[in-house]
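These notes are about the structure you will find just below.
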Amino acid sequence: MAPKILVAILDWGLGHATRCIPLIHTLLAQGATVIPASNGRARALLQAEFPHLTIEQLPAYRIRYAYKNMYFNIGVQMPGIAATIRQEYQALKKLIAQHQINGVISDNRFGCYSPYVPCVFITHQVQIQVPNARLQQIVNTANHHYIHHFSACWIPDLPGEASLSGSLSEHGRLRIPVRHLGVLSRMQPMEVPAVHDCAIVLSGPEPQRSRLEDMLIAQAKTLPQRSLVVQGQTEAYRHWQAADNVEIISFLTGAALNRAMAAARSIVCRSGYSSIMDLAMLGKKAILIPTPGQTEQHYLAQRFHEQRIFYRQWQHQLDLGQALSEHLTFAGLDPVLYQESQHRLTQVVQDFLRSL
């Protein structure tokens with residue numbers, strides 16, 4: 001009988017859901033029965049991408065980045081985060097019994113493990129970036145404690161010089177097997193005529209997603225460039241012209257988003273890791289705007305800016321016109337470097353299914 005795999009996906013923005021889409025496709029291609037599970041906009045996106053699958057509900061983390069200080073953002077929400085981890089552990093127990101699950105793959109959901117079936121944890125943040133060295137040690141001790149509940153860790157990246165995540169994915173201190181999945185992205189390079197000068201692809205937790213959207217649309221209206229704004233709001237599909245040169249779409253599923261991004265000369269987006277993987281596969285020039293208070297996004301944006309791969313602007317200093325001019329001297333990533341990713345992903349999935 002086909003093994004039944006539950007794929008539990010974090011709901012902080014859409015990035016975790018989008019990067020699990022190629023994983024789910026690969027599991028299905030290998031003959032597995034897949035039950036994805038998430039909540040909120042991430043769950044809605046999965047329902048749109050996989051209308052033939054049952055998408056289960058998991059507890060919501062409801063993380064908000066209301067302040068610039070990450071420690072304050074997370075610190076005041078820690079009791080809720082800990083409670084959600086306990087709730088998703090209990091929810092997973094019920095789902096394993098209900099669907100007779102043979103294995104679990106958890107993308108950054110710390111509570112989605114079980115002592116009764118093999119459970120894999122997916123993360124690119126083995127080493128969480130914190131400016132204070134002592135605090136970073138404490139945070140990563142806790143991070144590794146949770147990861148060690150799982151039987152293996154899968155890193156969505158390539159090892160060595162082609163790594164996109166840099167020091168975030170250093171895994172020498174983990175005591176469980178580690179595999180690299182390659183770059184997980186729905187995107188593929190496409191040769192299509194340019195329709196827009198830039199595609200603004202929004203994602204991430206509120207209220208910062210909406211704040212950035214308002215700023216970008218207001219500035220885009222004053223510029224000569226043609227802009228497409230993809231809001232990342234999956235609640236209902238809407239499509240309208242905000243101005244003669246600004247088109248807005250509430251959300252796009254994989255193939256449509258792939259074509260829209262390929263048909264834009266440049267991409268404007270957050271510096272979330274899933275967005276970086278999409279840019280790697282597309283080979284597009286990009287403007288990265290880190291979410292205030294997210295140290296991972298600050299690290300990635302600064303890393304690629306210093307390497308002159310992607311242009312970076314801080315949200316509080318946003319100048320879209322300047323960014324659209326200056327980012328053209330940055331190189332972008334060569335998608336040829338990441339073409340082996342699907343083969344790597346297929347091999348890791350095959351090995352996992354054979355082990356069940």
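Residues in the structure tokens are named by chain (A, B, ... in the order shown) and by number from 1 within that chain; ligands are numbered from 1 in the order shown.
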
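Residues in contact with Gln313 of chain A at up to 10 Å, not including ones fewer than 2 positions away on its chain and judged by only C-alpha atoms, are Ile287, Leu288, Ile289, Pro290, Ala301, Gln302, His305, Tyr311, Gln315, His316, Gln317, Leu318, Asp319, Leu320, Gln322, Ala323 and His327 of chain A.
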
Output file for the residues above (C-alpha atoms, as a PDB file, in the first residue's frame):
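Result written to selection08.pdb:
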```pdb
ATOM      1  CA  ILE A 287      15.202  44.428  -4.866  1.00  0.00           C
ATOM      2  CA  LEU A 288      15.055  42.895  -1.380  1.00  0.00           C
ATOM      3  CA  ILE A 289      13.232  44.656   1.473  1.00  0.00           C
ATOM      4  CA  PRO A 290      13.671  42.806   4.793  1.00  0.00           C
ATOM      5  CA  ALA A 301      19.432  40.778   2.365  1.00  0.00           C
ATOM      6  CA  GLN A 302      22.739  42.159   3.625  1.00  0.00           C
ATOM      7  CA  HIS A 305      23.811  43.003  -1.165  1.00  0.00           C
ATOM      8  CA  TYR A 311      20.035  45.102  -4.152  1.00  0.00           C
ATOM      9  CA  GLN A 315      11.725  49.551   4.696  1.00  0.00           C
ATOM     10  CA  HIS A 316      12.061  52.787   6.698  1.00  0.00           C
ATOM     11  CA  GLN A 317      14.229  54.249   3.904  1.00  0.00           C
ATOM     12  CA  LEU A 318      12.160  52.941   0.997  1.00  0.00           C
ATOM     13  CA  ASP A 319      12.707  54.744  -2.299  1.00  0.00           C
ATOM     14  CA  LEU A 320      11.351  52.570  -5.097  1.00  0.00           C
ATOM     15  CA  GLN A 322      16.091  54.841  -6.582  1.00  0.00           C
ATOM     16  CA  ALA A 323      15.996  51.085  -6.110  1.00  0.00           C
ATOM     17  CA  HIS A 327      19.616  47.490  -8.635  1.00  0.00           C
TER      18      HIS A 327
END
```

Go through A:Leu158, A:Leu168, A:Ile21, A:Ala82 and flag the residue nearest Arg303 of chain A, using only C-alpha atoms for the distances.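 Once distances to Arg303 of chain A are computed over only C-alpha atoms, the minimum belongs to A:Leu168.
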
Enumerate, as a ChimeraX atom specification, the complete set of residues in segment 167-283 of chain A that a backbone-based DSSP assignment places in alpha helix (DSSP H). /A:208-220,254-262,273-282

Leaving out Arg19 of chain A and any residue of its chain fewer than 6 positions from it, which residues lie within 7 Å of it when counting only C-alpha atoms, given as a PyMOL selection string? chain A and resi 184-185+274

Would you mind listing what lies within 6 Å of segment 242-253 of chain A as a ChimeraX atom specification, with only C-alpha atoms counted and same-chain residues fewer than 6 positions away left out? /A:226-234

Print the selection's residues with C-alpha atoms to a file, as a compact mmCIF listing (two decimals), in the first residue's frame.
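The file below, part-v1.txt, is the result:
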```txt
# COMPACT_ATOMS: atom_id res chain seq x y z
CA ARG A 226 4.82 49.57 -15.12
CA SER A 227 4.30 47.57 -11.92
CA LEU A 228 2.40 44.40 -11.06
CA VAL A 229 1.56 43.95 -7.36
CA VAL A 230 0.80 40.41 -6.11
CA GLN A 231 -0.58 40.96 -2.60
CA GLY A 232 -0.25 37.44 -1.20
CA GLN A 233 -3.79 37.60 0.18
CA THR A 234 -5.44 34.23 -0.46
```

Check which residues of segment 72-177 of chain A sit at most 12 Å from segment 337-344 of chain A using only C-alpha atoms, and return one row each with the closest pair of atoms and their distance in Å to one decimal, ordered by chain and rising number, as JSON lines.
```
{"residue": "A:Trp154", "atom": "CA", "partner": "A:Arg344", "partner_atom": "CA", "distance": 11.5}
{"residue": "A:Ile155", "atom": "CA", "partner": "A:Arg344", "partner_atom": "CA", "distance": 11.5}
{"residue": "A:Pro156", "atom": "CA", "partner": "A:Ser341", "partner_atom": "CA", "distance": 9.3}
{"residue": "A:Asp157", "atom": "CA", "partner": "A:Ser341", "partner_atom": "CA", "distance": 8.4}
{"residue": "A:Leu158", "atom": "CA", "partner": "A:Ser341", "partner_atom": "CA", "distance": 7.7}
{"residue": "A:Pro159", "atom": "CA", "partner": "A:Ser341", "partner_atom": "CA", "distance": 11.1}
{"residue": "A:Gly160", "atom": "CA", "partner": "A:Leu337", "partner_atom": "CA", "distance": 11.8}
{"residue": "A:Glu161", "atom": "CA", "partner": "A:Leu337", "partner_atom": "CA", "distance": 10.2}
{"residue": "A:Ala162", "atom": "CA", "partner": "A:Leu337", "partner_atom": "CA", "distance": 7.1}
{"residue": "A:Ser163", "atom": "CA", "partner": "A:Tyr338", "partner_atom": "CA", "distance": 9.8}
{"residue": "A:Leu164", "atom": "CA", "partner": "A:Tyr338", "partner_atom": "CA", "distance": 10.2}
```

Compile the contact shell of Arg175 of chain A as a compact mmCIF listing (two decimals) with C-alpha atoms, in the first residue's frame: residues with an atom at most 10 Å away, counting only C-alpha atoms, same-chain residues fewer than 3 positions apart removed.
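Contents of around19.txt, freshly written:
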```txt
# COMPACT_ATOMS: atom_id res chain seq x y z
CA HIS A 144 18.44 22.43 18.59
CA ILE A 147 14.98 19.81 16.28
CA HIS A 148 16.37 16.80 18.16
CA SER A 151 14.56 11.61 13.41
CA ALA A 152 16.29 13.71 10.71
CA CYS A 153 16.73 17.29 9.50
CA HIS A 171 24.50 22.04 11.16
CA GLY A 172 27.66 20.71 12.83
CA VAL A 178 21.09 15.87 7.94
```

Let's see if you can do this: from backbone DSSP, list all strand (DSSP E) residues in segment 52-253 of chain A, as a PyMOL selection string. chain A and resi 56-57+103-107+119-122+152-155+178-180+196-201+227-230+239-243+246-249

A:Gln294, A:Ser167, A:Thr84, A:Gln90: which is nearest Arg62 of chain A, counting only C-alpha atoms?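 The answer is A:Thr84, which sits nearest to Arg62 of chain A.
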
Using only C-alpha atoms for the distances, tell me which of A:Gly111, A:Pro335, A:Pro118, A:Gly40 is nearest to Gly13 of chain A. A:Gly40

Interatomic distance, atom CA of Asp278 of chain A to atom CA of Ala262 of chain A (Å, one decimal):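 That distance, rounded to one decimal, is 10.8 Å.
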
Have a look at atom CA of Leu356 of chain A and atom CA of Pro3 of chain A and let me know their distance in Å, one decimal.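 These atoms are spaced 7.7 Å apart.
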
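Atom CA of Ile176 of chain A lies 25.1 Å from atom CA of Gln100 of chain A.
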
Nearest to Val336 of chain A by atom-to-atom distance, counting only C-alpha atoms, from A:Leu257, A:Ala37, A:Cys269, A:Val183: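 Of A:Leu257, A:Ala37, A:Cys269, A:Val183, the one nearest Val336 of chain A, counting only C-alpha atoms, is A:Val183.
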
Determine the nearest neighbour of Gln225 of chain A from the options A:Leu212, A:Val348, A:Val195, A:Leu202, counting only C-alpha atoms. A:Val195

Closest of A:Gly103, A:Glu235, A:Gly254, A:Asp197 to Phe50 of chain A - atom-to-atom distances counting only C-alpha atoms: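 Checking each candidate against Phe50 of chain A, we get A:Gly254 as the closest.
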
Would you list the contacts of Val268 of chain A as JSON, numbers by chain, taking every protein, DNA or RNA residue within 7 Å and counting only C-alpha atoms, but skipping same-chain residues closer than 4 positions in sequence? {"A": [198, 199, 200, 201, 286, 287, 288]}

For the selection just defined, write its residues with C-alpha atoms to a file, as a CSV table (one decimal), in the first residue's frame.
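See selection-v1.csv below for the written result:
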```
chain,number,residue,atom,x,y,z
A,198,CYS,CA,8.7,45.2,-12.0
A,199,ALA,CA,6.7,42.5,-10.2
A,200,ILE,CA,6.1,43.4,-6.5
A,201,VAL,CA,5.5,40.1,-4.7
A,286,ALA,CA,15.7,41.8,-7.5
A,287,ILE,CA,15.2,44.4,-4.9
A,288,LEU,CA,15.1,42.9,-1.4
```

Surrounding residues of Gln129 of chain A excluding itself and chain neighbours under 6 positions, 7 Å, only C-alpha atoms, as a CSV table (one decimal) with C-alpha atoms, in the first residue's frame:
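Written out: around.csv:
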```csv
chain,number,residue,atom,x,y,z
A,136,GLN,CA,22.2,33.7,20.2
A,295,THR,CA,17.0,39.0,11.8
A,296,GLU,CA,17.1,36.1,9.2
```
